[in-house]
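Peer 1: Sending over a structure as structure tokens; questions will come in a sec.
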Amino acid sequence: VKDFIDKIKNELDDNTLYLDPEKEDLGTYTSDWTKKFNGNTPLVLRPKTTLHVSQMLSICNELGVSIIPQGGNTGVVGGSTPRSEEVVLSLSRLNNLADYDPASATVVCGAGTILKTLHDFATDRGMEFPVDLGARGQCQIGGMLATNAGGNRVLRYGLMREQVRGLEIVMADGTIVSNLNRLKKDNSGIDLKQIFIGSEGILGVITQAVLQLVPLPAARRTAMIALSDRENLPILLSEVRSRFPGLSSLEVLLLQVIEHVIEYVDGPEFPLPKQFPVYVLVEEETESSSAGHDGFVERLGGLFETGLIADAIIAESSLQSERLWHFREATGEAIVAAGFTHKFDVTIPQGEIPSFLDKMENVCSNILGARPLLFGHLGDGNVHVNFVQTPNISDKNFLAPASELAKIVYEETRIRKGSISAEHGIGMLKREFLIYSKTPEEISFMRSLKKSWDPRNILNPGVMIPD
Ligand SMILES: Cc1cc2nc3c(=O)[nH]c(=O)nc-3n(C[C@H](O)[C@H](O)[C@H](O)COP(=O)(O)OP(=O)(O)OC[C@H]3O[C@@H](n4cnc5c(N)ncnc54)[C@H](O)[C@@H]3O)c2cc1C
């Protein structure tokens, strides 16, 4: 490592390109958002250009130095921080964002661009970047592509993968593979970018992307509805999908989640009676900005007539909409505030969600006696399962059954033909459980890709692929 540091300092000859732990506090680079993953680093590299990234990787590869690509460090599976003594490659300064082409509605965006910055950039041009998630003020486009992030509007617009036209990658040996085209149609051979999207930094470093923007909707309408029976969730989903043509979000929150958010995060009063077991947030993008004339109220009325919903409230303004969204958006903060959490992010075929929720509650009470917080993107079958520590359980007792719990949750997912990672990725946290979602043949294929593109195993070693 000493040779490496000397070489980096000599060859790059610019001391703004790295941060030295002997001179700076590097805590924000070595500890992750969940605080469960902590390590050390001999150096944080801070390239300003793709060429810098190429030079840095070439030196790392030559000397066999492991490197962790890092974006906003909001990932929750332990993929973005060092485990022992790896070098951190922070992409934050690759944040160019200017080259907007109105004809194709595409923009060239540096990997280090923060999601919120891209949102504002698009809005200023009457457009929108449709992927949105709670970490918007910190997560970066490169990290979001590396994890194929989803978020609140997957139902209408898809995940990150669906927004990408072109990608620039730096391979482990420093080779730059650039295809920053703006084309929707390009069937000229294998679409290599798809292999890097969702590859969690183990195959190459994403440095730039061409992203598709969409027109800003005239309006967004939001309602919170209450259900008296969780068994009705699948049928509700199909009714909402067929009645609301502009449906952009359908988020489910069990009563316990609402109560937990109220307990741990300051915010508005919950506007519905807290007597129903399940609440669902519905958001629709409408073609008219005139609230009374966009058909939203009538569509919701029709839903009432099905007898599926017990109560509902419609937001009359964007402020009221934000207040309804608060109960979904504040879940992350409320969970962290309570103590340790066993966190799972799975996809379950929508028809199986009620039985899966029942099972998760039983597992949580039988094994931990803790608080189950179950919510998620119902429209995508994505359930966030959180077993949250309560004051009567010691840290040791709470954390001890981690592996046993994971096996149960993932087995329940597997038998329902679901996925153990809906959107957060595999990272360090889930790699030993990848077998619950991928066949041995698929894992072996991943391993051979890794071997041929990163033969010295310098890029994010230990992440995703089980030993
Ligand atoms: C409050 C909160 C809400 C969240 N909500 C959602 C949600 O709704 N949907 C969702 O999908 N996720 C969600 N997440 C998880 C997280 O925000 C996403 O995974 C996000 O995409 C990570 O981006 P990042 O820039 O922080 O990446 P990091 O955490 O820095 O890195 C994530 C992974 O990508 C790799 N990586 C980072 N940058 C690059 C690069 N340029 N090239 C190659 N590899 C790279 C890292 O090595 C690591 O393996 C949430 C997280 C928080 C804290």
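Ordering of the structure tokens sets the chain letters (A, B, ...), residue numbers begin anew at 1 in every chain, and ligands are numbered from 1 in the order given.
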Using only C-alpha atoms and all ligand atoms, find each protein or nucleic acid residue lying at most 7 Å from ligand 1; present the set as an mmCIF file with N, CA and C atoms, in the first residue's frame.
Peer 2:
```cif
data_model
loop_
_atom_site.group_PDB
_atom_site.id
_atom_site.type_symbol
_atom_site.label_atom_id
_atom_site.label_comp_id
_atom_site.auth_asym_id
_atom_site.auth_seq_id
_atom_site.Cartn_x
_atom_site.Cartn_y
_atom_site.Cartn_z
ATOM 1 N N TRP A 33 -24.342 4.244 5.789
ATOM 2 C CA TRP A 33 -25.546 4.920 6.275
ATOM 3 C C TRP A 33 -26.210 4.144 7.412
ATOM 4 N N ILE A 68 -12.778 0.508 -3.545
ATOM 5 C CA ILE A 68 -14.244 0.516 -3.356
ATOM 6 C C ILE A 68 -14.795 1.762 -4.052
ATOM 7 N N PRO A 69 -15.531 1.596 -5.160
ATOM 8 C CA PRO A 69 -16.178 2.768 -5.748
ATOM 9 C C PRO A 69 -17.257 3.280 -4.789
ATOM 10 N N GLN A 70 -17.312 4.575 -4.607
ATOM 11 C CA GLN A 70 -18.304 5.125 -3.663
ATOM 12 C C GLN A 70 -18.997 6.340 -4.261
ATOM 13 N N GLY A 71 -20.339 6.330 -4.173
ATOM 14 C CA GLY A 71 -21.125 7.483 -4.610
ATOM 15 C C GLY A 71 -21.530 8.272 -3.379
ATOM 16 N N GLY A 72 -22.845 8.366 -3.149
ATOM 17 C CA GLY A 72 -23.340 9.129 -2.001
ATOM 18 C C GLY A 72 -23.269 8.359 -0.698
ATOM 19 N N ASN A 73 -22.869 7.095 -0.766
ATOM 20 C CA ASN A 73 -22.754 6.247 0.427
ATOM 21 C C ASN A 73 -24.085 6.104 1.167
ATOM 22 N N THR A 74 -25.183 6.008 0.399
ATOM 23 C CA THR A 74 -26.494 5.787 1.026
ATOM 24 C C THR A 74 -26.969 4.340 0.825
ATOM 25 N N GLY A 75 -26.151 3.536 0.190
ATOM 26 C CA GLY A 75 -26.521 2.128 0.005
ATOM 27 C C GLY A 75 -26.700 1.463 1.365
ATOM 28 N N VAL A 76 -27.579 0.468 1.427
ATOM 29 C CA VAL A 76 -27.890 -0.113 2.744
ATOM 30 C C VAL A 76 -27.484 -1.582 2.852
ATOM 31 N N GLY A 79 -22.082 -2.216 0.559
ATOM 32 C CA GLY A 79 -21.229 -2.340 -0.621
ATOM 33 C C GLY A 79 -20.325 -1.148 -0.863
ATOM 34 N N SER A 80 -20.530 -0.058 -0.141
ATOM 35 C CA SER A 80 -19.858 1.185 -0.539
ATOM 36 C C SER A 80 -18.753 1.633 0.419
ATOM 37 N N LEU A 91 -16.620 9.140 -6.241
ATOM 38 C CA LEU A 91 -16.932 9.702 -7.561
ATOM 39 C C LEU A 91 -17.595 11.081 -7.463
ATOM 40 N N ALA A 111 -21.182 10.785 -13.029
ATOM 41 C CA ALA A 111 -21.584 9.786 -12.027
ATOM 42 C C ALA A 111 -21.815 10.409 -10.655
ATOM 43 N N GLY A 112 -21.103 11.494 -10.354
ATOM 44 C CA GLY A 112 -21.199 12.090 -9.020
ATOM 45 C C GLY A 112 -22.352 13.067 -8.845
ATOM 46 N N LEU A 133 -36.299 8.933 -4.821
ATOM 47 C CA LEU A 133 -36.262 8.130 -3.590
ATOM 48 C C LEU A 133 -35.845 8.998 -2.409
ATOM 49 N N GLY A 134 -36.058 8.451 -1.214
ATOM 50 C CA GLY A 134 -35.863 9.227 0.014
ATOM 51 C C GLY A 134 -34.461 9.793 0.181
ATOM 52 N N ALA A 135 -33.456 9.138 -0.405
ATOM 53 C CA ALA A 135 -32.068 9.593 -0.238
ATOM 54 C C ALA A 135 -31.679 10.625 -1.300
ATOM 55 N N GLN A 138 -28.624 13.041 -1.326
ATOM 56 C CA GLN A 138 -27.279 12.511 -1.107
ATOM 57 C C GLN A 138 -26.852 11.459 -2.145
ATOM 58 N N CYS A 139 -27.797 10.616 -2.572
ATOM 59 C CA CYS A 139 -27.379 9.533 -3.480
ATOM 60 C C CYS A 139 -27.018 10.114 -4.842
ATOM 61 N N GLN A 140 -26.110 9.420 -5.530
ATOM 62 C CA GLN A 140 -25.565 9.939 -6.788
ATOM 63 C C GLN A 140 -25.957 9.041 -7.965
ATOM 64 N N ILE A 141 -25.940 9.633 -9.143
ATOM 65 C CA ILE A 141 -26.379 8.897 -10.334
ATOM 66 C C ILE A 141 -25.533 7.626 -10.547
ATOM 67 N N GLY A 142 -24.222 7.714 -10.335
ATOM 68 C CA GLY A 142 -23.362 6.529 -10.520
ATOM 69 C C GLY A 142 -23.749 5.410 -9.561
ATOM 70 N N GLY A 143 -23.958 5.768 -8.288
ATOM 71 C CA GLY A 143 -24.353 4.772 -7.280
ATOM 72 C C GLY A 143 -25.738 4.212 -7.592
ATOM 73 N N MET A 144 -26.622 5.081 -8.078
ATOM 74 C CA MET A 144 -27.980 4.621 -8.397
ATOM 75 C C MET A 144 -27.969 3.664 -9.587
ATOM 76 N N LEU A 145 -27.075 3.946 -10.542
ATOM 77 C CA LEU A 145 -26.968 3.018 -11.680
ATOM 78 C C LEU A 145 -26.325 1.709 -11.242
ATOM 79 N N ALA A 146 -25.311 1.832 -10.388
ATOM 80 C CA ALA A 146 -24.605 0.618 -9.939
ATOM 81 C C ALA A 146 -25.526 -0.290 -9.130
ATOM 82 N N THR A 147 -26.569 0.300 -8.507
ATOM 83 C CA THR A 147 -27.521 -0.532 -7.744
ATOM 84 C C THR A 147 -28.863 -0.690 -8.478
ATOM 85 N N ASN A 148 -28.963 -0.090 -9.667
ATOM 86 C CA ASN A 148 -30.244 -0.094 -10.400
ATOM 87 C C ASN A 148 -31.387 0.318 -9.466
ATOM 88 N N ALA A 149 -31.244 1.503 -8.884
ATOM 89 C CA ALA A 149 -32.201 1.969 -7.865
ATOM 90 C C ALA A 149 -33.616 2.099 -8.438
ATOM 91 N N GLY A 150 -34.578 1.970 -7.542
ATOM 92 C CA GLY A 150 -35.987 2.036 -7.949
ATOM 93 C C GLY A 150 -36.652 3.272 -7.376
ATOM 94 N N GLY A 151 -37.341 3.113 -6.247
ATOM 95 C CA GLY A 151 -37.957 4.271 -5.601
ATOM 96 C C GLY A 151 -39.455 4.304 -5.778
ATOM 97 N N ASN A 152 -40.002 5.537 -5.710
ATOM 98 C CA ASN A 152 -41.445 5.694 -5.554
ATOM 99 C C ASN A 152 -42.254 5.615 -6.850
ATOM 100 N N GLU A 200 -23.084 -3.194 -9.030
ATOM 101 C CA GLU A 200 -22.583 -2.799 -7.700
ATOM 102 C C GLU A 200 -21.067 -2.572 -7.671
ATOM 103 N N GLY A 201 -20.525 -2.058 -8.758
ATOM 104 C CA GLY A 201 -19.109 -1.671 -8.772
ATOM 105 C C GLY A 201 -18.134 -2.827 -8.801
ATOM 106 N N GLY A 204 -16.829 -2.676 -13.150
ATOM 107 C CA GLY A 204 -16.264 -1.475 -13.730
ATOM 108 C C GLY A 204 -16.788 -0.273 -12.971
ATOM 109 N N VAL A 205 -16.174 0.889 -13.226
ATOM 110 C CA VAL A 205 -16.616 2.108 -12.544
ATOM 111 C C VAL A 205 -17.388 2.972 -13.541
ATOM 112 N N ILE A 206 -18.600 3.322 -13.185
ATOM 113 C CA ILE A 206 -19.424 4.178 -14.047
ATOM 114 C C ILE A 206 -18.953 5.621 -13.855
ATOM 115 N N THR A 207 -18.650 6.293 -14.973
ATOM 116 C CA THR A 207 -18.164 7.677 -14.848
ATOM 117 C C THR A 207 -19.152 8.694 -15.416
ATOM 118 N N GLY A 332 -37.652 5.707 7.002
ATOM 119 C CA GLY A 332 -36.213 5.445 7.181
ATOM 120 C C GLY A 332 -35.704 6.087 8.464
ATOM 121 N N GLU A 333 -36.029 7.366 8.637
ATOM 122 C CA GLU A 333 -35.569 8.096 9.826
ATOM 123 C C GLU A 333 -36.152 7.471 11.104
ATOM 124 N N GLU A 423 -34.579 -3.818 -4.593
ATOM 125 C CA GLU A 423 -33.898 -2.642 -5.143
ATOM 126 C C GLU A 423 -32.579 -2.305 -4.469
ATOM 127 N N HIS A 424 -32.278 -2.802 -3.310
ATOM 128 C CA HIS A 424 -31.068 -2.346 -2.613
ATOM 129 C C HIS A 424 -29.791 -3.040 -3.065
ATOM 130 N N GLY A 427 -24.617 -6.461 -2.125
ATOM 131 C CA GLY A 427 -23.547 -5.936 -1.268
ATOM 132 C C GLY A 427 -22.843 -7.016 -0.480
ATOM 133 N N ASN A 460 -14.180 -3.698 -5.712
ATOM 134 C CA ASN A 460 -15.171 -4.066 -4.697
ATOM 135 C C ASN A 460 -15.131 -5.553 -4.341
#
```
Peer 1: List the spatial neighbours of Ser444 (chain A) as an MDAnalysis selection string - criterion: any atom at most 12 Å away, only C-alpha atoms, same-chain residues fewer than 4 positions off excluded.
Peer 2: chainID A and resid 434:435 438:440 448:451 465:467
Peer 1: Per DSSP on the backbone, filter region 187-313 of chain A down to the residues in strand (DSSP E) and report them as an MDAnalysis selection string.
Peer 2: chainID A and resid 205:212 214:215 219:227 247:254 278:286 311:313
Peer 1: Could you build a table of the residues in region 171-260 of chain A lying no more than 10 Å from region 92-101 of chain A, giving for each the nearest pair of atoms and their separation in Å rounded to one decimal place, using only C-alpha atoms, ordered by chain and ascending residue number, as a Markdown table?
Peer 2:
```
| residue | atom | partner | partner_atom | distance |
| --- | --- | --- | --- | --- |
| A:Arg182 | CA | A:Asp101 | CA | 8.9 |
| A:Thr207 | CA | A:Leu94 | CA | 7.0 |
| A:Gln208 | CA | A:Leu94 | CA | 8.0 |
| A:Val210 | CA | A:Asp99 | CA | 9.4 |
| A:Leu211 | CA | A:Tyr100 | CA | 9.6 |
| A:Gln212 | CA | A:Asp101 | CA | 9.9 |
| A:Leu213 | CA | A:Tyr100 | CA | 9.5 |
```
Peer 1: When distances are computed from only C-alpha atoms, which of A:Asp32, A:Glu404, A:Glu62, A:Asp132 shows the smallest separation from Phe4 (chain A)?
Peer 2: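 Of all the options, A:Glu62 lies closest to Phe4 (chain A).
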Peer 1: Tell me which protein, DNA and RNA residues are within 10 Å of Thr117 (chain A), counting only C-alpha atoms, leaving out same-chain ones fewer than 2 positions away, and put them as a ChimeraX atom specification.
Peer 2: /A:95,97,113-115,119-123,136-138,140
Peer 1: Could you pull out the helix (DSSP H, G or I) residues of region 326-460 of chain A, going by DSSP on the backbone, and write them as a ChimeraX atom specification?
Peer 2: /A:326-329,331-338,350-368,378-380,395-399,402-415,431-436,440-453
Peer 1: At a cut-off of 12 Å, using only C-alpha atoms, what residues contact Pro271 (chain A)? Leave out same-chain residues fewer than 6 positions from it and give the result as a list of chain:residue names.
Peer 2: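 My reading of the contact set: A:Ala223, A:Met224, A:Ile225, A:Ala226, A:Ile258, A:Ile262, A:Tyr279, A:Asp311, A:Ala312, A:Ile313, A:Ile314, A:Ala315, A:Gln320, A:Ser321, A:Arg323, A:Leu324, A:Trp325, A:His326, A:Phe327.
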Peer 1: Do you know which residues are at most 12 Å from Ala310 (chain A) counting only C-alpha atoms, after dropping those on the same chain fewer than 5 positions away, and could you put them as JSON, numbers by chain?
Peer 2: {"A": [224, 225, 226, 227, 228, 229, 230, 232, 236, 272, 273, 274, 275, 276, 277, 278, 279, 280, 300, 301, 303, 304, 305]}
